[in-house]
Amino acid sequence: MQTKPKIVFFGNERLATGVTTTAPTLCALIDAGYDVVAIVSHHQQASSRTARQLEIAEVAAQHNIPLLLPQNPADILDQLADYGAQVAVLVAYGKIVPQSVIDIFAKGIINIHPSALPLHRGPTPIESVMLSGDTTTAVSVMQLVKAMDAGPVYCQKEVALTGTETKQQLADKLLAIGSELILQVLPQVLDGSATGTPQNDTDATFDKLITKQDGLLDWQKPATQLEREIRAYSEWPKSYTKFKDLDVVITNAHVIEQNDKPGRIVATNKELIIYCGKGALVIDKLKPAGKPQMDVASFLNGRANLFN
């Protein structure tokens, strides 16, 4: 099989905070015969003992592809230019790519963004559509420009949401679709036939960064909103609270239409209900500090004193 053009790959393919990936885009490019000459990523916790191994690092090692982890991609400008790649593909890089790096590639940098651009620009589109209760999202394949998520869109595929997805499930689904779209668009970008549609900036919405504090459950909020948070924050920052002095992470819950004082807890030997600003949450699964995740019946066994 004739080798296809050279590509530099940017990113780690983790489309949302805390998720894992099988790096399907990178693997698809390699399997399709593209000559991936380098992978550029970053790992903010690279020196931490608890840092998770980058999944793309495993792919890089398997295929003898150089893995570059610069503080800033402009620091390796000459090295990137020396590879002679006409195009780059970017999936979840997590940093602004300077114009000097974009200009290295004659055909530009193609980016997978997991939203219906110009909606949900920014770092947390997956979490944000879940938190907003959106019924649809999309995957956009776009040309990277210096301004955040503002480049022309080559193609976009809408995805229906059930309202029950976890963050990991949605990230996996959107990344799989994005990988397929990249393989469709890339030949057109390389031969010059691809035409990107400019975004309407007046319609743009921007998502904020998520912080650890966002995971603290506020029982004054409606139960529907808290259930969305539990799914959207499932890998990080997680949804946490205290039962007396015991720290717990709520990992699964469902909403019931019952009202009482927000924060009131009703516990039986098999059921745990927490009333919210509107409605209530029935806790299905949770993780006590220092313990594995468990169903609520297992948690309540022997812990009745927590709710007396």
# chains A, B, ... in the order shown; residues from 1 in each chain; ligands from 1
call {"tool": "residues_around", "arguments": {"residues": "Ser239 (chain A)", "least_positions_apart": "3", "cutoff": "6 Å", "atoms": "only C-alpha atoms", "output": "PDB file with C-alpha atoms, in the first residue's frame"}}
result
ATOM      1  CA  GLY A 215     -18.570  19.160  42.217  1.00  0.00           C
ATOM      2  CA  LEU A 216     -19.980  20.167  45.625  1.00  0.00           C
ATOM      3  CA  ILE A 230     -23.710  13.785  38.699  1.00  0.00           C
ATOM      4  CA  VAL A 249     -19.231  10.827  46.089  1.00  0.00           C
ATOM      5  CA  ILE A 250     -22.631  10.303  44.490  1.00  0.00           C
TER       6      ILE A 250
END
call {"tool": "select_by_dssp", "arguments": {"residues": "region 180-241 of chain A", "states": "helix (DSSP H, G or I)", "output": "list in words"}}
result
Glu180, Leu181, Ile182, Leu183, Gln184, Val185, Leu186, Pro187, Gln188, Val189, Leu190, Asp191, Asp201, Thr202, Asp203, Lys212, Gln213, Asp214, Gly215, Ala223, Thr224, Gln225, Leu226, Glu227, Arg228, Glu229, Ile230, Arg231 and Ala232 of chain A
call {"tool": "atom_distance", "arguments": {"atom1": "CA of Arg121 (chain A)", "atom2": "CA of Cys155 (chain A)"}}
result
15.9 Å
call {"tool": "closest_residue", "arguments": {"among": "A:Lys167, A:Leu175, A:Ile182, A:Leu119", "to": "Tyr154 (chain A)", "atoms": "only C-alpha atoms"}}
result
A:Ile182
call {"tool": "residues_around", "arguments": {"residues": "region 80-84 of chain A", "least_positions_apart": "3", "cutoff": "7 Å", "atoms": "only C-alpha atoms", "output": "list in words"}}
result
Val37, Ile76, Leu77 and Ile104 of chain A
call {"tool": "write_last_selection", "arguments": {"atoms": "C-alpha atoms", "output": "mmCIF file, in the first residue's frame"}}
result
data_model
loop_
_atom_site.group_PDB
_atom_site.id
_atom_site.type_symbol
_atom_site.label_atom_id
_atom_site.label_comp_id
_atom_site.auth_asym_id
_atom_site.auth_seq_id
_atom_site.Cartn_x
_atom_site.Cartn_y
_atom_site.Cartn_z
ATOM 1 C CA VAL A 37 5.503 11.597 11.752
ATOM 2 C CA ILE A 76 9.481 23.161 18.908
ATOM 3 C CA LEU A 77 8.723 25.248 15.837
ATOM 4 C CA ILE A 104 3.913 25.533 9.334
#
call {"tool": "residues_around", "arguments": {"residues": "region 203-211 of chain A", "least_positions_apart": "5", "cutoff": "8 Å", "atoms": "only C-alpha atoms", "output": "list in words"}}
result
Leu117, Pro118, Leu119, His120, Arg121, Gly122, Pro123, Thr124, Pro125, Ser128 and Pro237 of chain A
call {"tool": "atom_distance", "arguments": {"atom1": "CA of Gly11 (chain A)", "atom2": "CA of Ser193 (chain A)"}}
result
25.6 Å
call {"tool": "closest_residue", "arguments": {"among": "A:Gln184, A:Gln79, A:Ser298, A:Thr25", "to": "Thr268 (chain A)", "atoms": "only C-alpha atoms"}}
result
A:Ser298
call {"tool": "select_by_dssp", "arguments": {"residues": "region 131-160 of chain A", "states": "strand (DSSP E or B)", "output": "PyMOL selection string"}}
result
chain A and resi 136-143+153-160
call {"tool": "write_last_selection", "arguments": {"atoms": "N, CA and C atoms", "output": "JSON list (two decimals), in the first residue's frame"}}
result
[["chain", "number", "residue", "atom", "x", "y", "z"],
["A", 136, "THR", "N", -29.82, 17.61, 21.80],
["A", 136, "THR", "CA", -28.91, 17.23, 20.73],
["A", 136, "THR", "C", -27.57, 17.91, 20.95],
["A", 137, "THR", "N", -26.54, 17.32, 20.37],
["A", 137, "THR", "CA", -25.25, 17.98, 20.24],
["A", 137, "THR", "C", -24.74, 17.64, 18.85],
["A", 138, "ALA", "N", -23.46, 17.78, 18.61],
["A", 138, "ALA", "CA", -22.92, 17.46, 17.29],
["A", 138, "ALA", "C", -21.42, 17.27, 17.39],
["A", 139, "VAL", "N", -20.85, 16.78, 16.32],
["A", 139, "VAL", "CA", -19.40, 16.75, 16.14],
["A", 139, "VAL", "C", -19.09, 17.64, 14.96],
["A", 140, "SER", "N", -18.17, 18.57, 15.14],
["A", 140, "SER", "CA", -17.76, 19.47, 14.08],
["A", 140, "SER", "C", -16.31, 19.21, 13.71],
["A", 141, "VAL", "N", -16.05, 19.11, 12.43],
["A", 141, "VAL", "CA", -14.66, 19.05, 11.94],
["A", 141, "VAL", "C", -14.38, 20.40, 11.29],
["A", 142, "MET", "N", -13.37, 21.08, 11.80],
["A", 142, "MET", "CA", -13.14, 22.47, 11.44],
["A", 142, "MET", "C", -11.67, 22.75, 11.17],
["A", 143, "GLN", "N", -11.44, 23.87, 10.52],
["A", 143, "GLN", "CA", -10.08, 24.36, 10.33],
["A", 143, "GLN", "C", -9.66, 25.15, 11.56],
["A", 153, "VAL", "N", -16.06, 25.54, 9.34],
["A", 153, "VAL", "CA", -16.44, 24.15, 9.61],
["A", 153, "VAL", "C", -16.53, 23.38, 8.28],
["A", 154, "TYR", "N", -15.78, 22.29, 8.19],
["A", 154, "TYR", "CA", -15.82, 21.45, 6.99],
["A", 154, "TYR", "C", -17.07, 20.57, 6.97],
["A", 155, "CYS", "N", -17.41, 20.00, 8.11],
["A", 155, "CYS", "CA", -18.61, 19.17, 8.18],
["A", 155, "CYS", "C", -19.05, 19.08, 9.64],
["A", 156, "GLN", "N", -20.32, 18.73, 9.81],
["A", 156, "GLN", "CA", -20.89, 18.64, 11.15],
["A", 156, "GLN", "C", -21.97, 17.56, 11.15],
["A", 157, "LYS", "N", -21.95, 16.72, 12.17],
["A", 157, "LYS", "CA", -22.95, 15.66, 12.28],
["A", 157, "LYS", "C", -23.68, 15.78, 13.61],
["A", 158, "GLU", "N", -25.01, 15.88, 13.54],
["A", 158, "GLU", "CA", -25.82, 16.02, 14.74],
["A", 158, "GLU", "C", -25.96, 14.68, 15.45],
["A", 159, "VAL", "N", -26.02, 14.74, 16.77],
["A", 159, "VAL", "CA", -26.14, 13.54, 17.61],
["A", 159, "VAL", "C", -27.26, 13.77, 18.62],
["A", 160, "ALA", "N", -28.23, 12.87, 18.66],
["A", 160, "ALA", "CA", -29.32, 12.96, 19.63],
["A", 160, "ALA", "C", -28.84, 12.53, 21.01]]
call {"tool": "atom_distance", "arguments": {"atom1": "CA of Ala74 (chain A)", "atom2": "CA of His42 (chain A)"}}
result
12.9 Å
call {"tool": "residues_around", "arguments": {"residues": "Arg231 (chain A)", "least_positions_apart": "5", "cutoff": "8 Å", "atoms": "only C-alpha atoms", "output": "list in words"}}
result
Met130, Thr164, Glu165, Thr166, Lys167, Thr251 and Asn252 of chain A
call {"tool": "closest_residue", "arguments": {"among": "A:Glu235, A:Glu227, A:Glu58, A:Asp78", "to": "Thr22 (chain A)", "atoms": "only C-alpha atoms"}}
result
A:Glu58
call {"tool": "closest_residue", "arguments": {"among": "A:Val19, A:Ile256, A:Ala150, A:Ala106", "to": "Ala92 (chain A)", "atoms": "only C-alpha atoms"}}
result
A:Val19
